[in-house]
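J.: Have a peek at entry-v2.txt (compact mmCIF, N, CA and C atoms).
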# COMPACT_ATOMS: atom_id res chain seq x y z
N MET A 1 30.01 33.94 2.41
CA MET A 1 29.43 33.75 1.10
C MET A 1 29.11 35.12 0.52
N THR A 2 29.52 35.37 -0.69
CA THR A 2 29.27 36.66 -1.31
C THR A 2 27.91 36.67 -1.96
N GLU A 3 27.47 37.88 -2.32
CA GLU A 3 26.15 38.03 -2.94
C GLU A 3 26.02 37.20 -4.21
N SER A 4 27.08 37.14 -5.01
CA SER A 4 26.99 36.41 -6.28
C SER A 4 26.94 34.91 -6.06
N GLN A 5 27.30 34.43 -4.86
CA GLN A 5 27.24 33.00 -4.58
C GLN A 5 25.94 32.58 -3.94
N ASN A 6 25.14 33.52 -3.46
CA ASN A 6 23.90 33.21 -2.79
C ASN A 6 22.74 33.33 -3.77
N PRO A 7 22.25 32.22 -4.33
CA PRO A 7 21.19 32.31 -5.35
C PRO A 7 19.89 32.92 -4.81
N ASP A 8 19.59 32.70 -3.51
CA ASP A 8 18.36 33.27 -2.96
C ASP A 8 18.40 34.79 -3.00
N LEU A 9 19.50 35.37 -2.57
CA LEU A 9 19.64 36.82 -2.54
C LEU A 9 19.67 37.40 -3.94
N VAL A 10 20.43 36.79 -4.82
CA VAL A 10 20.53 37.30 -6.19
C VAL A 10 19.20 37.17 -6.91
N ALA A 11 18.51 36.05 -6.74
CA ALA A 11 17.22 35.85 -7.40
C ALA A 11 16.21 36.87 -6.92
N GLU A 12 16.20 37.12 -5.61
CA GLU A 12 15.25 38.09 -5.06
C GLU A 12 15.55 39.49 -5.60
N GLN A 13 16.82 39.86 -5.65
CA GLN A 13 17.17 41.18 -6.17
C GLN A 13 16.84 41.29 -7.65
N SER A 14 17.04 40.22 -8.41
CA SER A 14 16.73 40.29 -9.83
C SER A 14 15.24 40.43 -10.07
N ALA A 15 14.42 39.97 -9.14
CA ALA A 15 12.97 40.11 -9.28
C ALA A 15 12.52 41.52 -8.92
N GLU A 16 13.24 42.18 -8.01
CA GLU A 16 12.82 43.49 -7.56
C GLU A 16 13.40 44.62 -8.41
N THR A 17 14.67 44.54 -8.70
CA THR A 17 15.31 45.60 -9.46
C THR A 17 16.13 44.97 -10.58
N PRO A 18 15.92 45.42 -11.81
CA PRO A 18 16.68 44.85 -12.90
C PRO A 18 18.18 45.12 -12.71
N ARG A 19 18.98 44.10 -12.93
CA ARG A 19 20.43 44.23 -12.86
C ARG A 19 21.03 43.72 -14.16
N ASP A 20 22.12 44.29 -14.55
CA ASP A 20 22.82 43.86 -15.76
C ASP A 20 21.91 43.91 -16.98
N GLY A 21 21.03 44.88 -17.06
CA GLY A 21 20.17 45.05 -18.22
C GLY A 21 19.01 44.08 -18.27
N VAL A 22 18.78 43.31 -17.23
CA VAL A 22 17.67 42.35 -17.22
C VAL A 22 16.41 43.11 -16.83
N SER A 23 15.47 43.17 -17.74
CA SER A 23 14.21 43.82 -17.41
C SER A 23 13.08 42.97 -17.97
N GLY A 24 11.91 43.23 -17.49
CA GLY A 24 10.75 42.46 -17.92
C GLY A 24 10.51 41.28 -17.01
N VAL A 25 9.25 40.96 -16.87
CA VAL A 25 8.85 39.88 -15.97
C VAL A 25 9.47 38.56 -16.38
N GLY A 26 9.36 38.23 -17.65
CA GLY A 26 9.87 36.95 -18.13
C GLY A 26 11.37 36.80 -17.96
N ALA A 27 12.10 37.87 -18.26
CA ALA A 27 13.55 37.83 -18.13
C ALA A 27 13.96 37.65 -16.67
N ARG A 28 13.24 38.28 -15.77
CA ARG A 28 13.55 38.15 -14.35
C ARG A 28 13.28 36.72 -13.88
N LEU A 29 12.19 36.13 -14.36
CA LEU A 29 11.90 34.74 -14.00
C LEU A 29 12.97 33.80 -14.54
N ARG A 30 13.38 34.05 -15.78
CA ARG A 30 14.41 33.20 -16.40
C ARG A 30 15.71 33.26 -15.61
N VAL A 31 16.14 34.47 -15.24
CA VAL A 31 17.37 34.63 -14.48
C VAL A 31 17.27 33.91 -13.14
N ALA A 32 16.15 34.06 -12.45
CA ALA A 32 15.96 33.40 -11.16
C ALA A 32 15.98 31.88 -11.33
N ARG A 33 15.35 31.39 -12.41
CA ARG A 33 15.35 29.94 -12.67
C ARG A 33 16.76 29.43 -12.93
N GLU A 34 17.50 30.17 -13.75
CA GLU A 34 18.87 29.75 -14.06
C GLU A 34 19.76 29.78 -12.83
N LEU A 35 19.55 30.76 -11.95
CA LEU A 35 20.34 30.82 -10.72
C LEU A 35 20.05 29.63 -9.82
N ARG A 36 18.85 29.11 -9.89
CA ARG A 36 18.49 27.93 -9.09
C ARG A 36 18.81 26.64 -9.83
N GLN A 37 19.37 26.77 -11.02
CA GLN A 37 19.79 25.63 -11.84
C GLN A 37 18.64 24.67 -12.13
N LEU A 38 17.50 25.25 -12.47
CA LEU A 38 16.33 24.46 -12.86
C LEU A 38 16.16 24.53 -14.37
N SER A 39 15.71 23.44 -14.96
CA SER A 39 15.42 23.44 -16.40
C SER A 39 13.97 23.88 -16.61
N ILE A 40 13.67 24.24 -17.84
CA ILE A 40 12.29 24.60 -18.19
C ILE A 40 11.37 23.42 -17.94
N ASP A 41 11.83 22.22 -18.27
CA ASP A 41 11.01 21.02 -18.05
C ASP A 41 10.71 20.80 -16.57
N GLU A 42 11.69 21.03 -15.70
CA GLU A 42 11.47 20.86 -14.26
C GLU A 42 10.45 21.86 -13.74
N VAL A 43 10.54 23.10 -14.23
CA VAL A 43 9.58 24.13 -13.82
C VAL A 43 8.19 23.78 -14.34
N ALA A 44 8.12 23.32 -15.58
CA ALA A 44 6.83 22.96 -16.17
C ALA A 44 6.15 21.86 -15.37
N ILE A 45 6.91 20.86 -14.95
CA ILE A 45 6.34 19.77 -14.16
C ILE A 45 5.86 20.29 -12.81
N ALA A 46 6.67 21.11 -12.17
CA ALA A 46 6.31 21.63 -10.84
C ALA A 46 5.06 22.51 -10.90
N LEU A 47 4.92 23.29 -11.98
CA LEU A 47 3.79 24.21 -12.10
C LEU A 47 2.60 23.59 -12.83
N LYS A 48 2.77 22.36 -13.30
CA LYS A 48 1.73 21.68 -14.08
C LYS A 48 1.36 22.47 -15.33
N LEU A 49 2.40 22.96 -16.01
CA LEU A 49 2.26 23.68 -17.28
C LEU A 49 3.05 22.92 -18.33
N GLY A 50 2.83 23.28 -19.58
CA GLY A 50 3.63 22.73 -20.65
C GLY A 50 4.94 23.51 -20.76
N PRO A 51 6.00 22.85 -21.24
CA PRO A 51 7.27 23.56 -21.42
C PRO A 51 7.13 24.79 -22.32
N ARG A 52 6.26 24.72 -23.33
CA ARG A 52 6.06 25.89 -24.21
C ARG A 52 5.42 27.05 -23.45
N GLN A 53 4.55 26.75 -22.48
CA GLN A 53 3.95 27.82 -21.68
C GLN A 53 4.99 28.48 -20.79
N VAL A 54 5.88 27.69 -20.21
CA VAL A 54 6.95 28.26 -19.39
C VAL A 54 7.86 29.12 -20.26
N ALA A 55 8.21 28.62 -21.45
CA ALA A 55 9.05 29.40 -22.36
C ALA A 55 8.34 30.69 -22.77
N SER A 56 7.03 30.63 -23.00
CA SER A 56 6.27 31.84 -23.34
C SER A 56 6.31 32.85 -22.20
N LEU A 57 6.20 32.37 -20.96
CA LEU A 57 6.29 33.27 -19.81
C LEU A 57 7.65 33.95 -19.78
N GLU A 58 8.70 33.18 -19.95
CA GLU A 58 10.04 33.73 -19.87
C GLU A 58 10.35 34.68 -21.03
N ASN A 59 9.71 34.45 -22.17
CA ASN A 59 9.95 35.31 -23.34
C ASN A 59 9.00 36.49 -23.40
N GLY A 60 8.07 36.56 -22.46
CA GLY A 60 7.09 37.65 -22.48
C GLY A 60 6.13 37.54 -23.65
N ASP A 61 5.92 36.33 -24.14
CA ASP A 61 5.01 36.08 -25.26
C ASP A 61 3.62 35.84 -24.69
N TRP A 62 2.93 36.93 -24.34
CA TRP A 62 1.64 36.83 -23.68
C TRP A 62 0.56 36.28 -24.60
N GLN A 63 0.70 36.46 -25.93
CA GLN A 63 -0.30 35.95 -26.87
C GLN A 63 -0.29 34.42 -26.91
N GLY A 64 0.80 33.79 -26.50
CA GLY A 64 0.89 32.34 -26.50
C GLY A 64 0.27 31.71 -25.26
N LEU A 65 -0.34 32.54 -24.41
CA LEU A 65 -0.92 32.06 -23.16
C LEU A 65 -2.42 32.33 -23.14
N PRO A 66 -3.19 31.62 -22.29
CA PRO A 66 -4.65 31.65 -22.38
C PRO A 66 -5.34 32.98 -22.08
N GLY A 67 -4.83 33.83 -21.25
CA GLY A 67 -5.51 35.08 -20.93
C GLY A 67 -4.85 35.76 -19.75
N GLN A 68 -5.23 37.01 -19.51
CA GLN A 68 -4.56 37.81 -18.49
C GLN A 68 -4.70 37.22 -17.09
N THR A 69 -5.84 36.70 -16.76
CA THR A 69 -6.03 36.12 -15.43
C THR A 69 -5.11 34.92 -15.24
N PHE A 70 -5.02 34.08 -16.26
CA PHE A 70 -4.13 32.92 -16.18
C PHE A 70 -2.67 33.36 -16.14
N ILE A 71 -2.32 34.36 -16.95
CA ILE A 71 -0.94 34.86 -16.96
C ILE A 71 -0.54 35.32 -15.57
N ARG A 72 -1.41 36.09 -14.93
CA ARG A 72 -1.11 36.58 -13.58
C ARG A 72 -0.90 35.41 -12.61
N GLY A 73 -1.75 34.40 -12.68
CA GLY A 73 -1.60 33.23 -11.82
C GLY A 73 -0.33 32.46 -12.11
N PHE A 74 -0.01 32.29 -13.40
CA PHE A 74 1.21 31.58 -13.78
C PHE A 74 2.45 32.30 -13.24
N VAL A 75 2.49 33.63 -13.40
CA VAL A 75 3.64 34.41 -12.95
C VAL A 75 3.76 34.34 -11.42
N ARG A 76 2.64 34.49 -10.73
CA ARG A 76 2.67 34.43 -9.26
C ARG A 76 3.17 33.06 -8.79
N ASN A 77 2.65 31.99 -9.37
CA ASN A 77 3.08 30.65 -8.97
C ASN A 77 4.53 30.37 -9.32
N TYR A 78 4.96 30.88 -10.47
CA TYR A 78 6.35 30.71 -10.90
C TYR A 78 7.28 31.42 -9.92
N ALA A 79 6.93 32.64 -9.52
CA ALA A 79 7.75 33.38 -8.56
C ALA A 79 7.81 32.64 -7.23
N ARG A 80 6.69 32.12 -6.79
CA ARG A 80 6.67 31.38 -5.52
C ARG A 80 7.54 30.12 -5.59
N LEU A 81 7.47 29.44 -6.74
CA LEU A 81 8.31 28.25 -6.93
C LEU A 81 9.79 28.62 -6.81
N LEU A 82 10.16 29.75 -7.37
CA LEU A 82 11.55 30.20 -7.33
C LEU A 82 11.91 30.90 -6.03
N GLN A 83 10.93 31.02 -5.14
CA GLN A 83 11.10 31.63 -3.82
C GLN A 83 11.55 33.09 -3.94
N ILE A 84 10.89 33.82 -4.84
CA ILE A 84 11.11 35.27 -4.95
C ILE A 84 9.78 35.97 -4.72
N ASP A 85 9.85 37.22 -4.33
CA ASP A 85 8.65 38.01 -4.02
C ASP A 85 7.88 38.28 -5.32
N PRO A 86 6.63 37.82 -5.42
CA PRO A 86 5.87 38.03 -6.66
C PRO A 86 5.34 39.46 -6.82
N ALA A 87 5.27 40.25 -5.74
CA ALA A 87 4.65 41.58 -5.81
C ALA A 87 5.30 42.50 -6.85
N PRO A 88 6.63 42.65 -6.89
CA PRO A 88 7.21 43.52 -7.91
C PRO A 88 6.95 43.01 -9.32
N LEU A 89 6.94 41.69 -9.48
CA LEU A 89 6.65 41.13 -10.80
C LEU A 89 5.21 41.42 -11.21
N MET A 90 4.29 41.31 -10.26
CA MET A 90 2.89 41.57 -10.57
C MET A 90 2.68 43.04 -10.93
N ASP A 91 3.35 43.94 -10.23
CA ASP A 91 3.25 45.36 -10.55
C ASP A 91 3.76 45.63 -11.96
N HIS A 92 4.89 45.02 -12.30
CA HIS A 92 5.46 45.21 -13.64
C HIS A 92 4.55 44.58 -14.69
N LEU A 93 3.96 43.45 -14.36
CA LEU A 93 3.05 42.77 -15.28
C LEU A 93 1.81 43.62 -15.54
N ASP A 94 1.27 44.24 -14.50
CA ASP A 94 0.10 45.11 -14.67
C ASP A 94 0.39 46.25 -15.62
N ALA A 95 1.60 46.79 -15.56
CA ALA A 95 1.98 47.88 -16.46
C ALA A 95 2.23 47.38 -17.88
N THR A 96 2.56 46.10 -18.02
CA THR A 96 2.90 45.53 -19.32
C THR A 96 1.69 45.05 -20.11
N LEU A 97 0.78 44.37 -19.43
CA LEU A 97 -0.38 43.79 -20.12
C LEU A 97 -1.36 44.88 -20.55
N GLU A 98 -1.99 44.65 -21.69
CA GLU A 98 -3.00 45.58 -22.18
C GLU A 98 -4.22 45.50 -21.28
N LYS A 99 -4.81 46.65 -21.06
CA LYS A 99 -6.05 46.68 -20.28
C LYS A 99 -7.19 46.21 -21.17
N PRO A 100 -8.09 45.38 -20.64
CA PRO A 100 -9.19 44.90 -21.47
C PRO A 100 -10.12 46.04 -21.86
N VAL A 101 -10.66 45.92 -23.06
CA VAL A 101 -11.59 46.92 -23.57
C VAL A 101 -12.95 46.69 -22.92
N ASP A 102 -13.62 47.77 -22.56
CA ASP A 102 -14.94 47.67 -21.97
C ASP A 102 -15.94 47.27 -23.06
N THR A 103 -16.39 46.04 -23.00
CA THR A 103 -17.34 45.55 -24.00
C THR A 103 -18.73 45.38 -23.40
N LEU A 104 -18.92 45.90 -22.21
CA LEU A 104 -20.21 45.73 -21.55
C LEU A 104 -21.10 46.97 -21.69
N HIS A 105 -20.96 47.67 -22.78
CA HIS A 105 -21.76 48.86 -22.99
C HIS A 105 -23.22 48.46 -23.16
N VAL A 106 -24.06 48.95 -22.30
CA VAL A 106 -25.49 48.64 -22.36
C VAL A 106 -26.21 49.93 -22.72
N PRO A 107 -26.88 49.94 -23.86
CA PRO A 107 -27.59 51.16 -24.23
C PRO A 107 -28.75 51.42 -23.27
N GLN A 108 -28.97 52.69 -23.03
CA GLN A 108 -30.08 53.02 -22.15
C GLN A 108 -31.39 52.74 -22.87
N SER A 109 -32.30 52.15 -22.15
CA SER A 109 -33.61 51.86 -22.73
C SER A 109 -34.67 52.56 -21.91
N ARG A 110 -35.79 52.70 -22.55
CA ARG A 110 -36.90 53.33 -21.85
C ARG A 110 -37.62 52.30 -21.01
N PRO A 111 -38.07 52.70 -19.84
CA PRO A 111 -38.81 51.74 -19.02
C PRO A 111 -40.10 51.30 -19.71
N THR A 112 -40.42 50.10 -19.54
CA THR A 112 -41.66 49.58 -20.14
C THR A 112 -42.66 49.32 -19.01
N THR A 113 -43.90 49.40 -19.37
CA THR A 113 -44.94 49.12 -18.37
C THR A 113 -45.40 47.68 -18.52
N MET A 114 -45.66 47.10 -17.40
CA MET A 114 -46.13 45.73 -17.39
C MET A 114 -47.64 45.71 -17.47
N PRO A 115 -48.22 44.82 -18.24
CA PRO A 115 -49.71 44.76 -18.32
C PRO A 115 -50.35 44.25 -17.04
Turn the structure described in the file into structure tokens.
T.:
Amino acid sequence: MTESQNPDLVAEQSAETPRDGVSGVGARLRVARELRQLSIDEVAIALKLGPRQVASLENGDWQGLPGQTFIRGFVRNYARLLQIDPAPLMDHLDATLEKPVDTLHVPQSRPTTMP
């Protein structure tokens, strides 16, 4: 069996190193899904997501998803469903997603005395 006939090997390689111009987390997931001959609806049912959420993941439309923590979980679970290593995808995702702004700025206050 050649490499192009083995979906496990090709899917794993597509997740680790972009081939044929495929880059980005979503594109890698889409290629792996197509190699396994799964539909978006089948993936959505397996992951308990809506088909639009799966499509948003594959298109890299992060604004269409609930938040960074959920996105990371969705991508990790999607990779596991496709039986590919999630680590390279998570690394790429970390570089892609915007870092949250520090909104926990607490102004310094003077100590108060208790009566």
J.: Could you check which residues have any atom within 8 Å of (13.3, 29.7, -11.2), counting only N, CA and C atoms with coordinates taken straight from the file, and then list them as JSON, numbers by chain?
T.: {"A": [28, 29, 30, 31, 32, 33, 34, 35, 36, 37, 38, 39, 43, 78, 79, 81, 82, 83, 84]}
J.: Return the padded bounding box of region 80-92 of chain A as JSON: axis-aligned, built from all atoms listed in the file, 3 Å added on each side, with centre and edge lengths in Å to one decimal.
T.:
{"center_x": 7.3, "center_y": 36.9, "center_z": -9.3, "size_x": 15.2, "size_y": 23.4, "size_z": 16.9}
J.: Rank A:Ala55, A:Ile45, A:Leu65, A:Val75 by their smallest atom-to-atom distance to Met90 (chain A), using only C-alpha atoms, and report the top residue only.
T.: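 Closest candidate: A:Val75.
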J.: What does the distance from atom C of Gly50 (chain A) to atom C of Gln63 (chain A) come to in Å, to one decimal?
T.: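 Rounded to one decimal, the two atoms are 13.6 Å apart.
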J.: What would the list of residues within 12 Å of (1.5, 35.8, -15.2) (file frame) look like as a ChimeraX atom specification, if only C-alpha atoms are what count?
T.: /A:24-26,29,53-54,56-80,86-87,89-94,96-97
J.: Go ahead and save the residues from that selection, with N, CA and C atoms, as a tab-separated table (two decimals), in the frame of the given file.
T.:
chain	number	residue	atom	x	y	z
A	24	GLY	N	11.91	43.23	-17.49
A	24	GLY	CA	10.75	42.46	-17.92
A	24	GLY	C	10.51	41.28	-17.01
A	25	VAL	N	9.25	40.96	-16.87
A	25	VAL	CA	8.85	39.88	-15.97
A	25	VAL	C	9.47	38.56	-16.38
A	26	GLY	N	9.36	38.23	-17.65
A	26	GLY	CA	9.87	36.95	-18.13
A	26	GLY	C	11.37	36.80	-17.96
A	29	LEU	N	12.19	36.13	-14.36
A	29	LEU	CA	11.90	34.74	-14.00
A	29	LEU	C	12.97	33.80	-14.54
A	53	GLN	N	4.55	26.75	-22.48
A	53	GLN	CA	3.95	27.82	-21.68
A	53	GLN	C	4.99	28.48	-20.79
A	54	VAL	N	5.88	27.69	-20.21
A	54	VAL	CA	6.95	28.26	-19.39
A	54	VAL	C	7.86	29.12	-20.26
A	56	SER	N	7.03	30.63	-23.00
A	56	SER	CA	6.27	31.84	-23.34
A	56	SER	C	6.31	32.85	-22.20
A	57	LEU	N	6.20	32.37	-20.96
A	57	LEU	CA	6.29	33.27	-19.81
A	57	LEU	C	7.65	33.95	-19.78
A	58	GLU	N	8.70	33.18	-19.95
A	58	GLU	CA	10.04	33.73	-19.87
A	58	GLU	C	10.35	34.68	-21.03
A	59	ASN	N	9.71	34.45	-22.17
A	59	ASN	CA	9.95	35.31	-23.34
A	59	ASN	C	9.00	36.49	-23.40
A	60	GLY	N	8.07	36.56	-22.46
A	60	GLY	CA	7.09	37.65	-22.48
A	60	GLY	C	6.13	37.54	-23.65
A	61	ASP	N	5.92	36.33	-24.14
A	61	ASP	CA	5.01	36.08	-25.26
A	61	ASP	C	3.62	35.84	-24.69
A	62	TRP	N	2.93	36.93	-24.34
A	62	TRP	CA	1.64	36.83	-23.68
A	62	TRP	C	0.56	36.28	-24.60
A	63	GLN	N	0.70	36.46	-25.93
A	63	GLN	CA	-0.30	35.95	-26.87
A	63	GLN	C	-0.29	34.42	-26.91
A	64	GLY	N	0.80	33.79	-26.50
A	64	GLY	CA	0.89	32.34	-26.50
A	64	GLY	C	0.27	31.71	-25.26
A	65	LEU	N	-0.34	32.54	-24.41
A	65	LEU	CA	-0.92	32.06	-23.16
A	65	LEU	C	-2.42	32.33	-23.14
A	66	PRO	N	-3.19	31.62	-22.29
A	66	PRO	CA	-4.65	31.65	-22.38
A	66	PRO	C	-5.34	32.98	-22.08
A	67	GLY	N	-4.83	33.83	-21.25
A	67	GLY	CA	-5.51	35.08	-20.93
A	67	GLY	C	-4.85	35.76	-19.75
A	68	GLN	N	-5.23	37.01	-19.51
A	68	GLN	CA	-4.56	37.81	-18.49
A	68	GLN	C	-4.70	37.22	-17.09
A	69	THR	N	-5.84	36.70	-16.76
A	69	THR	CA	-6.03	36.12	-15.43
A	69	THR	C	-5.11	34.92	-15.24
A	70	PHE	N	-5.02	34.08	-16.26
A	70	PHE	CA	-4.13	32.92	-16.18
A	70	PHE	C	-2.67	33.36	-16.14
A	71	ILE	N	-2.32	34.36	-16.95
A	71	ILE	CA	-0.94	34.86	-16.96
A	71	ILE	C	-0.54	35.32	-15.57
A	72	ARG	N	-1.41	36.09	-14.93
A	72	ARG	CA	-1.11	36.58	-13.58
A	72	ARG	C	-0.90	35.41	-12.61
A	73	GLY	N	-1.75	34.40	-12.68
A	73	GLY	CA	-1.60	33.23	-11.82
A	73	GLY	C	-0.33	32.46	-12.11
A	74	PHE	N	-0.01	32.29	-13.40
A	74	PHE	CA	1.21	31.58	-13.78
A	74	PHE	C	2.45	32.30	-13.24
A	75	VAL	N	2.49	33.63	-13.40
A	75	VAL	CA	3.64	34.41	-12.95
A	75	VAL	C	3.76	34.34	-11.42
A	76	ARG	N	2.64	34.49	-10.73
A	76	ARG	CA	2.67	34.43	-9.26
A	76	ARG	C	3.17	33.06	-8.79
A	77	ASN	N	2.65	31.99	-9.37
A	77	ASN	CA	3.08	30.65	-8.97
A	77	ASN	C	4.53	30.37	-9.32
A	78	TYR	N	4.96	30.88	-10.47
A	78	TYR	CA	6.35	30.71	-10.90
A	78	TYR	C	7.28	31.42	-9.92
A	79	ALA	N	6.93	32.64	-9.52
A	79	ALA	CA	7.75	33.38	-8.56
A	79	ALA	C	7.81	32.64	-7.23
A	80	ARG	N	6.69	32.12	-6.79
A	80	ARG	CA	6.67	31.38	-5.52
A	80	ARG	C	7.54	30.12	-5.59
A	86	PRO	N	6.63	37.82	-5.42
A	86	PRO	CA	5.87	38.03	-6.66
A	86	PRO	C	5.34	39.46	-6.82
A	87	ALA	N	5.27	40.25	-5.74
A	87	ALA	CA	4.65	41.58	-5.81
A	87	ALA	C	5.30	42.50	-6.85
A	89	LEU	N	6.94	41.69	-9.48
A	89	LEU	CA	6.65	41.13	-10.80
A	89	LEU	C	5.21	41.42	-11.21
A	90	MET	N	4.29	41.31	-10.26
A	90	MET	CA	2.89	41.57	-10.57
A	90	MET	C	2.68	43.04	-10.93
A	91	ASP	N	3.35	43.94	-10.23
A	91	ASP	CA	3.25	45.36	-10.55
A	91	ASP	C	3.76	45.63	-11.96
A	92	HIS	N	4.89	45.02	-12.30
A	92	HIS	CA	5.46	45.21	-13.64
A	92	HIS	C	4.55	44.58	-14.69
A	93	LEU	N	3.96	43.45	-14.36
A	93	LEU	CA	3.05	42.77	-15.28
A	93	LEU	C	1.81	43.62	-15.54
A	94	ASP	N	1.27	44.24	-14.50
A	94	ASP	CA	0.10	45.11	-14.67
A	94	ASP	C	0.39	46.25	-15.62
A	96	THR	N	2.56	46.10	-18.02
A	96	THR	CA	2.90	45.53	-19.32
A	96	THR	C	1.69	45.05	-20.11
A	97	LEU	N	0.78	44.37	-19.43
A	97	LEU	CA	-0.38	43.79	-20.12
A	97	LEU	C	-1.36	44.88	-20.55
J.: Between atom N of Ala27 (chain A) and atom N of Pro51 (chain A), what is the spacing in Å?
T.: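 Interatomic distance here is 16.5 Å.
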J.: Suppose you want the space between CA of Pro88 (chain A) and CA of Leu49 (chain A); what is it in Å?
T.: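 CA of Pro88 (chain A) sits 22.5 Å away from CA of Leu49 (chain A).
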